[in-house]
file run-v4.pdb (PDB, C-alpha atoms)
MODEL        1
ATOM      1  CA  MET A  10     120.307 111.323   8.810
ATOM      2  CA  GLN A  11     123.620 109.474   8.660
ATOM      3  CA  GLU A  12     125.505 112.709   9.331
ATOM      4  CA  ALA A  13     123.285 113.473  12.337
ATOM      5  CA  LYS A  14     123.990 110.028  13.771
ATOM      6  CA  ARG A  15     127.722 110.431  13.149
ATOM      7  CA  LEU A  16     127.835 113.827  14.848
ATOM      8  CA  LEU A  17     125.905 112.560  17.854
ATOM      9  CA  LEU A  18     128.131 109.522  18.301
ATOM     10  CA  PHE A  19     131.585 110.873  17.526
ATOM     11  CA  THR A  20     131.550 114.496  18.704
ATOM     12  CA  ASP A  21     130.860 116.258  21.974
ATOM     13  CA  SER A  22     128.321 118.538  20.297
ATOM     14  CA  SER A  23     124.947 118.826  21.971
ATOM     15  CA  ALA A  24     121.782 117.975  20.084
ATOM     16  CA  ASN A  25     121.197 121.720  19.630
ATOM     17  CA  GLU A  26     124.691 122.245  18.205
ATOM     18  CA  THR A  27     124.203 119.257  15.905
ATOM     19  CA  CYS A  28     120.920 120.772  14.771
ATOM     20  CA  TYR A  29     122.600 124.002  13.688
ATOM     21  CA  GLN A  30     125.568 122.203  12.111
ATOM     22  CA  LEU A  31     123.096 120.406   9.849
ATOM     23  CA  TRP A  32     121.341 123.663   8.900
ATOM     24  CA  PHE A  33     118.137 123.035  10.853
ATOM     25  CA  LYS A  34     116.761 126.300  12.214
ATOM     26  CA  ASP A  35     114.704 124.836  15.056
ATOM     27  CA  PRO A  36     116.139 122.338  17.574
ATOM     28  CA  ALA A  37     112.647 121.055  18.408
ATOM     29  CA  TYR A  38     112.020 120.276  14.734
ATOM     30  CA  PHE A  39     115.394 118.522  14.493
ATOM     31  CA  CYS A  40     114.497 116.332  17.488
ATOM     32  CA  ARG A  41     111.121 115.426  15.942
ATOM     33  CA  PHE A  42     112.778 114.740  12.578
ATOM     34  CA  PHE A  43     115.448 112.567  14.182
ATOM     35  CA  GLN A  44     112.910 110.650  16.273
ATOM     36  CA  ARG A  45     110.670 110.038  13.249
ATOM     37  CA  TYR A  46     113.454 108.361  11.276
ATOM     38  CA  ALA A  47     115.596 106.800  14.017
ATOM     39  CA  GLN A  48     112.707 105.827  16.335
ATOM     40  CA  ILE A  49     114.670 107.291  19.268
ATOM     41  CA  ILE A  50     115.427 110.808  20.494
ATOM     42  CA  PRO A  51     118.926 112.214  19.907
ATOM     43  CA  GLY A  52     119.961 112.119  23.578
ATOM     44  CA  GLU A  53     119.026 108.460  23.948
ATOM     45  CA  TYR A  54     120.740 107.612  20.657
ATOM     46  CA  ARG A  55     123.969 109.119  21.973
ATOM     47  CA  GLN A  56     123.759 107.091  25.208
ATOM     48  CA  ARG A  57     123.298 103.757  23.392
TER      49      ARG A  57
ENDMDL
END
call {"tool": "encode", "arguments": {"input": "run-v4.pdb", "output": "structure tokens"}}
result
Amino acid sequence: MQEAKRLLLFTDSSANETCYQLWFKDPAYFCRFFQRYAQIIPGEYRQR
């Protein structure tokens, strides 16, 4: 989870690219996983 947050904040990678960099096979699953633990979707996390 920490690596996902770091990639979203400090790179220009999209949420889909971040998903694949972290070895998730399904971007939708990655978004659900991220939202479950961070209580916010990846796009909103990046904008904060």
call {"tool": "closest_residue", "arguments": {"input": "run-v4.pdb", "among": "A:Trp32, A:Arg41, A:Pro51, A:Glu26", "to": "A:Lys14", "atoms": "all atoms listed in the file"}}
result
A:Pro51
call {"tool": "closest_residue", "arguments": {"input": "run-v4.pdb", "among": "A:Leu16, A:Phe42, A:Ile50, A:Arg55", "to": "A:Gln30", "atoms": "all atoms listed in the file"}}
result
A:Leu16
call {"tool": "atom_distance", "arguments": {"input": "run-v4.pdb", "atom1": "atom CA of A:Tyr29", "atom2": "atom CA of A:Phe43"}}
result
13.5 Å
call {"tool": "resolve_selection", "arguments": {"input": "run-v4.pdb", "expression": "the PyMOL selection byres ((chain A and resi 54) around 12)", "output": "PyMOL selection string"}}
result
chain A and resi 13-19+24+40+43-44+46-53+55-57
call {"tool": "axis_aligned_box", "arguments": {"input": "run-v4.pdb", "around": "stretch 17-35 of chain A", "padding_each_side": "3 Å", "output": "JSON"}}
result
{"center_x": 123.1, "center_y": 117.9, "center_z": 15.4, "size_x": 22.9, "size_y": 22.8, "size_z": 19.1}
